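One file, query_35.txt, carrying compact mmCIF, N, CA and C atoms:
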# COMPACT_ATOMS: atom_id res chain seq x y z
N MET G 95 29.97 -3.34 -3.14
CA MET G 95 28.95 -4.28 -2.66
C MET G 95 28.99 -5.53 -3.53
N GLY G 96 28.78 -6.69 -2.93
CA GLY G 96 28.79 -7.96 -3.66
C GLY G 96 27.60 -8.10 -4.58
N LYS G 97 27.60 -9.22 -5.31
CA LYS G 97 26.48 -9.42 -6.23
C LYS G 97 25.20 -9.75 -5.46
N PRO G 98 24.05 -9.39 -6.01
CA PRO G 98 22.78 -9.66 -5.31
C PRO G 98 22.58 -11.15 -5.08
N THR G 99 21.86 -11.47 -4.05
CA THR G 99 21.56 -12.86 -3.73
C THR G 99 20.52 -13.43 -4.69
N ARG G 100 20.50 -14.74 -4.85
CA ARG G 100 19.48 -15.39 -5.67
C ARG G 100 18.23 -15.68 -4.85
N ILE G 101 18.34 -15.51 -3.55
CA ILE G 101 17.18 -15.74 -2.68
C ILE G 101 16.16 -14.64 -2.90
N THR G 102 14.92 -15.04 -3.13
CA THR G 102 13.84 -14.06 -3.25
C THR G 102 12.99 -14.15 -2.00
N ASN G 103 12.15 -13.14 -1.80
CA ASN G 103 11.33 -13.17 -0.60
C ASN G 103 9.97 -12.54 -0.85
N SER G 104 9.08 -12.80 0.07
CA SER G 104 7.70 -12.29 0.01
C SER G 104 7.42 -11.34 1.17
N ILE G 105 8.47 -10.73 1.69
CA ILE G 105 8.30 -9.89 2.88
C ILE G 105 7.34 -8.73 2.63
N ARG G 106 7.51 -8.05 1.51
CA ARG G 106 6.64 -6.89 1.24
C ARG G 106 5.17 -7.32 1.21
N ALA G 107 4.88 -8.40 0.48
CA ALA G 107 3.49 -8.88 0.40
C ALA G 107 2.98 -9.30 1.78
N LEU G 108 3.83 -9.96 2.56
CA LEU G 108 3.43 -10.38 3.90
C LEU G 108 3.18 -9.18 4.81
N ARG G 109 3.99 -8.15 4.67
CA ARG G 109 3.76 -6.95 5.48
C ARG G 109 2.39 -6.34 5.17
N PHE G 110 2.06 -6.26 3.89
CA PHE G 110 0.78 -5.66 3.52
C PHE G 110 -0.40 -6.55 3.88
N ALA G 111 -0.18 -7.86 3.85
CA ALA G 111 -1.24 -8.79 4.24
C ALA G 111 -1.46 -8.80 5.76
N ASN G 112 -0.51 -8.26 6.48
CA ASN G 112 -0.60 -8.22 7.94
C ASN G 112 -0.79 -6.78 8.42
N GLY G 113 -1.88 -6.20 8.00
CA GLY G 113 -2.23 -4.86 8.47
C GLY G 113 -1.35 -3.75 7.95
N GLU G 114 -0.77 -3.96 6.77
CA GLU G 114 0.12 -2.97 6.17
C GLU G 114 1.24 -2.58 7.13
N MET G 115 1.85 -3.61 7.73
CA MET G 115 2.97 -3.40 8.64
C MET G 115 4.07 -2.63 7.92
N THR G 116 4.64 -1.65 8.59
CA THR G 116 5.71 -0.87 7.99
C THR G 116 7.04 -1.62 8.10
N GLN G 117 7.99 -1.20 7.28
CA GLN G 117 9.33 -1.76 7.38
C GLN G 117 9.90 -1.47 8.77
N ALA G 118 9.62 -0.27 9.27
CA ALA G 118 10.12 0.11 10.59
C ALA G 118 9.55 -0.79 11.69
N GLU G 119 8.27 -1.14 11.59
CA GLU G 119 7.65 -2.01 12.59
C GLU G 119 8.26 -3.41 12.54
N LEU G 120 8.44 -3.95 11.34
CA LEU G 120 9.07 -5.27 11.22
C LEU G 120 10.48 -5.21 11.78
N ALA G 121 11.22 -4.18 11.44
CA ALA G 121 12.59 -4.03 11.94
C ALA G 121 12.61 -4.00 13.46
N ARG G 122 11.69 -3.25 14.07
CA ARG G 122 11.62 -3.16 15.52
C ARG G 122 11.34 -4.53 16.14
N ARG G 123 10.46 -5.28 15.50
CA ARG G 123 10.06 -6.57 16.06
C ARG G 123 11.17 -7.61 16.02
N ILE G 124 12.10 -7.48 15.08
CA ILE G 124 13.20 -8.45 15.03
C ILE G 124 14.54 -7.82 15.42
N ASP G 125 14.47 -6.57 15.89
CA ASP G 125 15.63 -5.87 16.44
C ASP G 125 16.75 -5.65 15.41
N VAL G 126 16.36 -5.11 14.24
CA VAL G 126 17.33 -4.69 13.23
C VAL G 126 16.93 -3.28 12.77
N THR G 127 17.71 -2.70 11.88
CA THR G 127 17.36 -1.37 11.37
C THR G 127 16.39 -1.49 10.19
N ARG G 128 15.69 -0.42 9.94
CA ARG G 128 14.79 -0.37 8.78
C ARG G 128 15.59 -0.58 7.49
N GLN G 129 16.81 -0.07 7.46
CA GLN G 129 17.65 -0.23 6.27
C GLN G 129 17.96 -1.69 6.00
N THR G 130 18.06 -2.49 7.06
CA THR G 130 18.28 -3.93 6.88
C THR G 130 17.07 -4.57 6.21
N ILE G 131 15.88 -4.20 6.65
CA ILE G 131 14.65 -4.74 6.04
C ILE G 131 14.57 -4.33 4.57
N ILE G 132 14.88 -3.08 4.27
CA ILE G 132 14.86 -2.60 2.89
C ILE G 132 15.81 -3.44 2.04
N ALA G 133 17.03 -3.65 2.52
CA ALA G 133 18.02 -4.41 1.76
C ALA G 133 17.58 -5.86 1.54
N ILE G 134 16.98 -6.47 2.55
CA ILE G 134 16.49 -7.84 2.41
C ILE G 134 15.36 -7.88 1.37
N GLU G 135 14.39 -6.97 1.50
CA GLU G 135 13.26 -6.95 0.56
C GLU G 135 13.74 -6.77 -0.88
N GLN G 136 14.77 -5.96 -1.08
CA GLN G 136 15.27 -5.68 -2.42
C GLN G 136 16.22 -6.76 -2.94
N GLY G 137 16.50 -7.76 -2.11
CA GLY G 137 17.39 -8.84 -2.53
C GLY G 137 18.85 -8.45 -2.54
N LYS G 138 19.19 -7.37 -1.84
CA LYS G 138 20.58 -6.92 -1.78
C LYS G 138 21.33 -7.52 -0.60
N TYR G 139 20.59 -8.17 0.29
CA TYR G 139 21.18 -8.73 1.49
C TYR G 139 20.42 -9.99 1.87
N SER G 140 21.17 -11.04 2.20
CA SER G 140 20.54 -12.27 2.69
C SER G 140 20.63 -12.28 4.21
N PRO G 141 19.51 -12.46 4.88
CA PRO G 141 19.55 -12.47 6.34
C PRO G 141 20.20 -13.75 6.84
N SER G 142 20.66 -13.70 8.08
CA SER G 142 21.15 -14.93 8.71
C SER G 142 19.98 -15.89 8.84
N LEU G 143 20.29 -17.14 9.07
CA LEU G 143 19.24 -18.13 9.25
C LEU G 143 18.37 -17.77 10.45
N GLU G 144 19.00 -17.30 11.52
CA GLU G 144 18.25 -16.91 12.71
C GLU G 144 17.29 -15.76 12.39
N MET G 145 17.78 -14.75 11.66
CA MET G 145 16.92 -13.62 11.31
C MET G 145 15.78 -14.06 10.39
N ALA G 146 16.07 -14.97 9.48
CA ALA G 146 15.03 -15.47 8.58
C ALA G 146 13.91 -16.14 9.37
N PHE G 147 14.28 -16.95 10.35
CA PHE G 147 13.27 -17.59 11.19
C PHE G 147 12.48 -16.57 12.01
N GLN G 148 13.17 -15.53 12.49
CA GLN G 148 12.48 -14.48 13.25
C GLN G 148 11.44 -13.78 12.37
N ILE G 149 11.79 -13.50 11.13
CA ILE G 149 10.85 -12.85 10.21
C ILE G 149 9.65 -13.75 9.98
N ALA G 150 9.89 -15.03 9.71
CA ALA G 150 8.79 -15.97 9.50
C ALA G 150 7.89 -16.04 10.73
N ARG G 151 8.48 -16.01 11.90
CA ARG G 151 7.71 -16.08 13.14
C ARG G 151 6.82 -14.85 13.32
N VAL G 152 7.32 -13.67 12.94
CA VAL G 152 6.51 -12.44 13.03
C VAL G 152 5.22 -12.61 12.23
N PHE G 153 5.33 -13.23 11.05
CA PHE G 153 4.17 -13.39 10.18
C PHE G 153 3.42 -14.70 10.43
N ASN G 154 3.96 -15.54 11.34
CA ASN G 154 3.34 -16.82 11.69
C ASN G 154 3.14 -17.71 10.46
N VAL G 155 4.21 -17.78 9.65
CA VAL G 155 4.19 -18.63 8.45
C VAL G 155 5.47 -19.45 8.40
N PRO G 156 5.47 -20.54 7.63
CA PRO G 156 6.71 -21.32 7.48
C PRO G 156 7.78 -20.52 6.75
N LEU G 157 9.02 -20.84 7.01
CA LEU G 157 10.16 -20.15 6.40
C LEU G 157 10.05 -20.11 4.87
N GLY G 158 9.58 -21.22 4.29
CA GLY G 158 9.45 -21.30 2.83
C GLY G 158 8.41 -20.37 2.25
N ASP G 159 7.52 -19.85 3.09
CA ASP G 159 6.53 -18.86 2.62
C ASP G 159 7.13 -17.46 2.57
N VAL G 160 8.26 -17.28 3.25
CA VAL G 160 8.90 -15.97 3.29
C VAL G 160 10.06 -15.90 2.28
N PHE G 161 10.88 -16.94 2.26
CA PHE G 161 12.07 -16.95 1.41
C PHE G 161 12.03 -18.11 0.42
N GLN G 162 12.45 -17.83 -0.80
CA GLN G 162 12.50 -18.85 -1.84
C GLN G 162 13.89 -18.85 -2.47
N TYR G 163 14.38 -20.03 -2.78
CA TYR G 163 15.66 -20.18 -3.46
C TYR G 163 15.41 -20.92 -4.75
N PRO G 164 15.71 -20.30 -5.90
CA PRO G 164 15.39 -20.93 -7.18
C PRO G 164 16.16 -22.22 -7.41
N GLU G 165 15.51 -23.17 -8.02
CA GLU G 165 16.18 -24.41 -8.38
C GLU G 165 17.00 -24.18 -9.65
N ASP G 166 18.12 -24.86 -9.75
CA ASP G 166 18.94 -24.73 -10.96
C ASP G 166 18.23 -25.39 -12.12
N ASP G 167 18.32 -24.76 -13.27
CA ASP G 167 17.69 -25.32 -14.47
C ASP G 167 18.54 -26.37 -15.12
Rewrite the coordinates I just gave you, this time as structure tokens.
Amino acid sequence: MGKPTRITNSIRALRFANGEMTQAELARRIDVTRQTIIAIEQGKYSPSLEMAFQIARVFNVPLGDVFQYPEDD
């Protein structure tokens, strides 16, 4: 497996803020597997741009509220 992505995300917090949505429910809503959601949450996988927008749309928040990319120091 490649090195982990530098992109961080707030998916877990957003799931809990939205009625404690399960990983399985989020996966169903964007048509991926639960394992994909787990990998994204853990920073082991970066979603496609389309998938990232789909996740943001599920939570009705801007993309930047879901995914963050650190600035170089």
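Picture a line from atom N of Leu143 in chain G to CA of Ile131 in chain G; it runs 14.0 Å.
Closest approach to Ile124 in chain G among G:Lys138, G:Leu108, G:Ile149, G:Asn103: G:Ile149, based on only N, CA and C atoms.
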Which residues are near Gly137 in chain G? Cut-off 6.5 Å, all atoms listed in the file, ignore same chain within fewer than 2 positions. Put them as a short mmCIF file (atom, residue, chain, number, x, y, z; two decimals) with N, CA and C atoms, in the frame of the given file.
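Produced file out_0.cif, reproduced below:
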data_model
loop_
_atom_site.label_atom_id
_atom_site.label_comp_id
_atom_site.auth_asym_id
_atom_site.auth_seq_id
_atom_site.Cartn_x
_atom_site.Cartn_y
_atom_site.Cartn_z
N PRO G 98 24.05 -9.39 -6.01
CA PRO G 98 22.78 -9.66 -5.31
C PRO G 98 22.58 -11.15 -5.08
N THR G 99 21.86 -11.47 -4.05
CA THR G 99 21.56 -12.86 -3.73
C THR G 99 20.52 -13.43 -4.69
N ILE G 101 18.34 -15.51 -3.55
CA ILE G 101 17.18 -15.74 -2.68
C ILE G 101 16.16 -14.64 -2.90
N THR G 102 14.92 -15.04 -3.13
CA THR G 102 13.84 -14.06 -3.25
C THR G 102 12.99 -14.15 -2.00
N ILE G 132 14.88 -3.08 4.27
CA ILE G 132 14.86 -2.60 2.89
C ILE G 132 15.81 -3.44 2.04
N ALA G 133 17.03 -3.65 2.52
CA ALA G 133 18.02 -4.41 1.76
C ALA G 133 17.58 -5.86 1.54
N ILE G 134 16.98 -6.47 2.55
CA ILE G 134 16.49 -7.84 2.41
C ILE G 134 15.36 -7.88 1.37
N GLU G 135 14.39 -6.97 1.50
CA GLU G 135 13.26 -6.95 0.56
C GLU G 135 13.74 -6.77 -0.88
N TYR G 139 20.59 -8.17 0.29
CA TYR G 139 21.18 -8.73 1.49
C TYR G 139 20.42 -9.99 1.87
N SER G 140 21.17 -11.04 2.20
CA SER G 140 20.54 -12.27 2.69
C SER G 140 20.63 -12.28 4.21
#
Which residue, G:Asp166, G:Gly158, G:Ser142, G:Phe153, has the smallest gap to Asn112 in chain G when you use only N, CA and C atoms?
G:Phe153
Among range 123-166 of chain G, which ones does DSSP assign to alpha helix (DSSP H) (computed from the backbone)? Answer as a ChimeraX atom specification.
/G:123-124,128-135,143-153,157-160
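Nearest to Gln148 in chain G of all the residues G:Arg123, G:Phe161, G:Arg128, G:Arg100 is G:Arg123, based on all atoms listed in the file.
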Can you pull out the residues contacting Gln129 in chain G? Cut-off 8 Å, using all atoms listed in the file, and skip same-chain residues under 6 positions away; I want them as a ChimeraX atom specification.
/G:117-118,121,135
Box in all listed atoms of range 160-165 of chain G, axis-aligned, with 3 Å more on each side; write out centre and edge lengths in Å to one decimal as lines of an AutoDock Vina configuration file.
center_x = 12.6
center_y = -20.2
center_z = -3.2
size_x = 14.7
size_y = 14.5
size_z = 18.9
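Those residues in chain G carrying a DSSP assignment of strand (DSSP E or B), computed from the backbone, are Thr102, Asn103, Phe161 and Gln162 of chain G.
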Please, could you write that set of residues out with N, CA and C atoms as a PDB file, in the frame of the given file?
ATOM      1  N   THR G 102      14.920 -15.040  -3.130  1.00  0.00           N
ATOM      2  CA  THR G 102      13.840 -14.060  -3.250  1.00  0.00           C
ATOM      3  C   THR G 102      12.990 -14.150  -2.000  1.00  0.00           C
ATOM      4  N   ASN G 103      12.150 -13.140  -1.800  1.00  0.00           N
ATOM      5  CA  ASN G 103      11.330 -13.170  -0.600  1.00  0.00           C
ATOM      6  C   ASN G 103       9.970 -12.540  -0.850  1.00  0.00           C
ATOM      7  N   PHE G 161      10.880 -16.940   2.260  1.00  0.00           N
ATOM      8  CA  PHE G 161      12.070 -16.950   1.410  1.00  0.00           C
ATOM      9  C   PHE G 161      12.030 -18.110   0.420  1.00  0.00           C
ATOM     10  N   GLN G 162      12.450 -17.830  -0.800  1.00  0.00           N
ATOM     11  CA  GLN G 162      12.500 -18.850  -1.840  1.00  0.00           C
ATOM     12  C   GLN G 162      13.890 -18.850  -2.470  1.00  0.00           C
TER      13      GLN G 162
END
As an exercise, work out the distance from atom C of Ala107 in chain G to CA of Glu144 in chain G in Å and give it to one decimal place.
20.3 Å
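The gap separating CA of Thr127 in chain G from atom N of Pro164 in chain G is 25.7 Å, in Å to one decimal.
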